[in-house]
Amino acid sequence: PRMEEVCALVQREIANAGVEEQLSSVVLTGGSSILEGLPELAEQVLELPVRRGLPRGIGGLVDVVRSPKYSTGVGLVLYGAGHRQKNLYKVREEHFFTSIRKRISSWFREIV
């Protein structure tokens, strides 16, 4: 009953956003998407095809994160890696670390 309520809330949000006609299907992700029978329940409530999402486009420890419960986290990491700004972490000041050292030293002098 709780998952039916969650699906009904999702249906309401889709209607409020006015995107019912634009959706052709729904992908469930996260740990709760592993619940047995959830895709079928969601299909009944949402009246749309529903499937579980799995992380894709990853290497390394694929067996560890190949589960719907990791799909959101993996997706966010992949998105961030693909859209990061190259100069975001660049030190903009030549004496950056010198100025930080001076600030920290002055804080310690104030404490003592």
# chains A, B, ... in the order shown; residues from 1 in each chain; ligands from 1
$ residues_around --residues "Val6 in chain A" --least-positions-apart "2" --cutoff "12 Å" --atoms "only C-alpha atoms" --output "PyMOL selection string"
chain A and resi 1-4+8-13+32-33+38+41-42+45-46
$ select_by_dssp --residues "chain A" --states "strand (DSSP E)" --output "PyMOL selection string"
chain A and resi 26-28+50-52
$ write_last_selection --atoms "all heavy atoms" --output "CSV table (one decimal), in the first residue's frame"
chain,number,residue,atom,x,y,z
A,26,VAL,N,8.6,5.0,-18.0
A,26,VAL,CA,9.2,5.5,-16.7
A,26,VAL,C,10.3,4.5,-16.3
A,26,VAL,O,10.1,3.3,-16.5
A,26,VAL,CB,8.1,5.5,-15.6
A,26,VAL,CG1,8.7,5.7,-14.2
A,26,VAL,CG2,7.0,6.5,-15.9
A,27,VAL,N,11.4,5.0,-15.8
A,27,VAL,CA,12.5,4.2,-15.3
A,27,VAL,C,12.6,4.3,-13.8
A,27,VAL,O,12.7,5.5,-13.3
A,27,VAL,CB,13.8,4.6,-16.0
A,27,VAL,CG1,14.9,3.7,-15.4
A,27,VAL,CG2,13.7,4.5,-17.5
A,28,LEU,N,12.5,3.2,-13.1
A,28,LEU,CA,12.6,3.3,-11.6
A,28,LEU,C,14.1,3.0,-11.2
A,28,LEU,O,14.7,2.1,-11.8
A,28,LEU,CB,11.8,2.2,-11.0
A,28,LEU,CG,10.3,2.2,-11.3
A,28,LEU,CD1,9.6,1.0,-10.6
A,28,LEU,CD2,9.7,3.5,-10.7
A,50,VAL,N,6.9,0.6,-17.5
A,50,VAL,CA,7.9,0.9,-16.4
A,50,VAL,C,9.0,-0.2,-16.4
A,50,VAL,O,8.7,-1.4,-16.7
A,50,VAL,CB,7.2,0.9,-15.1
A,50,VAL,CG1,8.2,1.0,-13.9
A,50,VAL,CG2,6.1,2.0,-15.0
A,51,ARG,N,10.2,0.2,-16.2
A,51,ARG,CA,11.3,-0.8,-16.1
A,51,ARG,C,12.3,-0.3,-15.0
A,51,ARG,O,12.2,0.9,-14.6
A,51,ARG,CB,12.1,-0.9,-17.4
A,51,ARG,CG,12.9,0.3,-17.8
A,51,ARG,CD,13.7,0.0,-19.0
A,51,ARG,NE,14.5,1.1,-19.4
A,51,ARG,CZ,15.7,1.5,-19.0
A,51,ARG,NH1,16.3,0.7,-18.1
A,51,ARG,NH2,16.3,2.6,-19.4
A,52,ARG,N,13.1,-1.2,-14.5
A,52,ARG,CA,14.1,-0.8,-13.5
A,52,ARG,C,15.4,-0.3,-14.3
A,52,ARG,O,15.8,-0.9,-15.3
A,52,ARG,CB,14.5,-2.1,-12.7
A,52,ARG,CG,13.5,-2.5,-11.7
A,52,ARG,CD,14.1,-3.6,-10.8
A,52,ARG,NE,13.1,-4.0,-9.9
A,52,ARG,CZ,12.3,-5.1,-10.0
A,52,ARG,NH1,12.5,-5.9,-11.0
A,52,ARG,NH2,11.4,-5.4,-9.0
$ select_by_dssp --residues "chain A" --states "alpha helix (DSSP H)" --output "PyMOL selection string"
chain A and resi 2-17+38-46+62-65+68-83+96-111
$ closest_residue --among "A:Gly57, A:Gly30, A:Phe96, A:Val65" --to "Leu78 in chain A" --atoms "only C-alpha atoms"
A:Gly57
$ atom_distance --atom1 "CA of Ile58 in chain A" --atom2 "CA of Thr29 in chain A"
16.4 Å
$ atom_distance --atom1 "CA of Ser25 in chain A" --atom2 "CA of Pro39 in chain A"
11.3 Å
$ closest_residue --among "A:Gly37, A:Gly18, A:Gly82, A:Pro68" --to "Leu54 in chain A" --atoms "only C-alpha atoms"
A:Pro68
$ atom_distance --atom1 "CA of Ile34 in chain A" --atom2 "CA of Leu48 in chain A"
18.4 Å
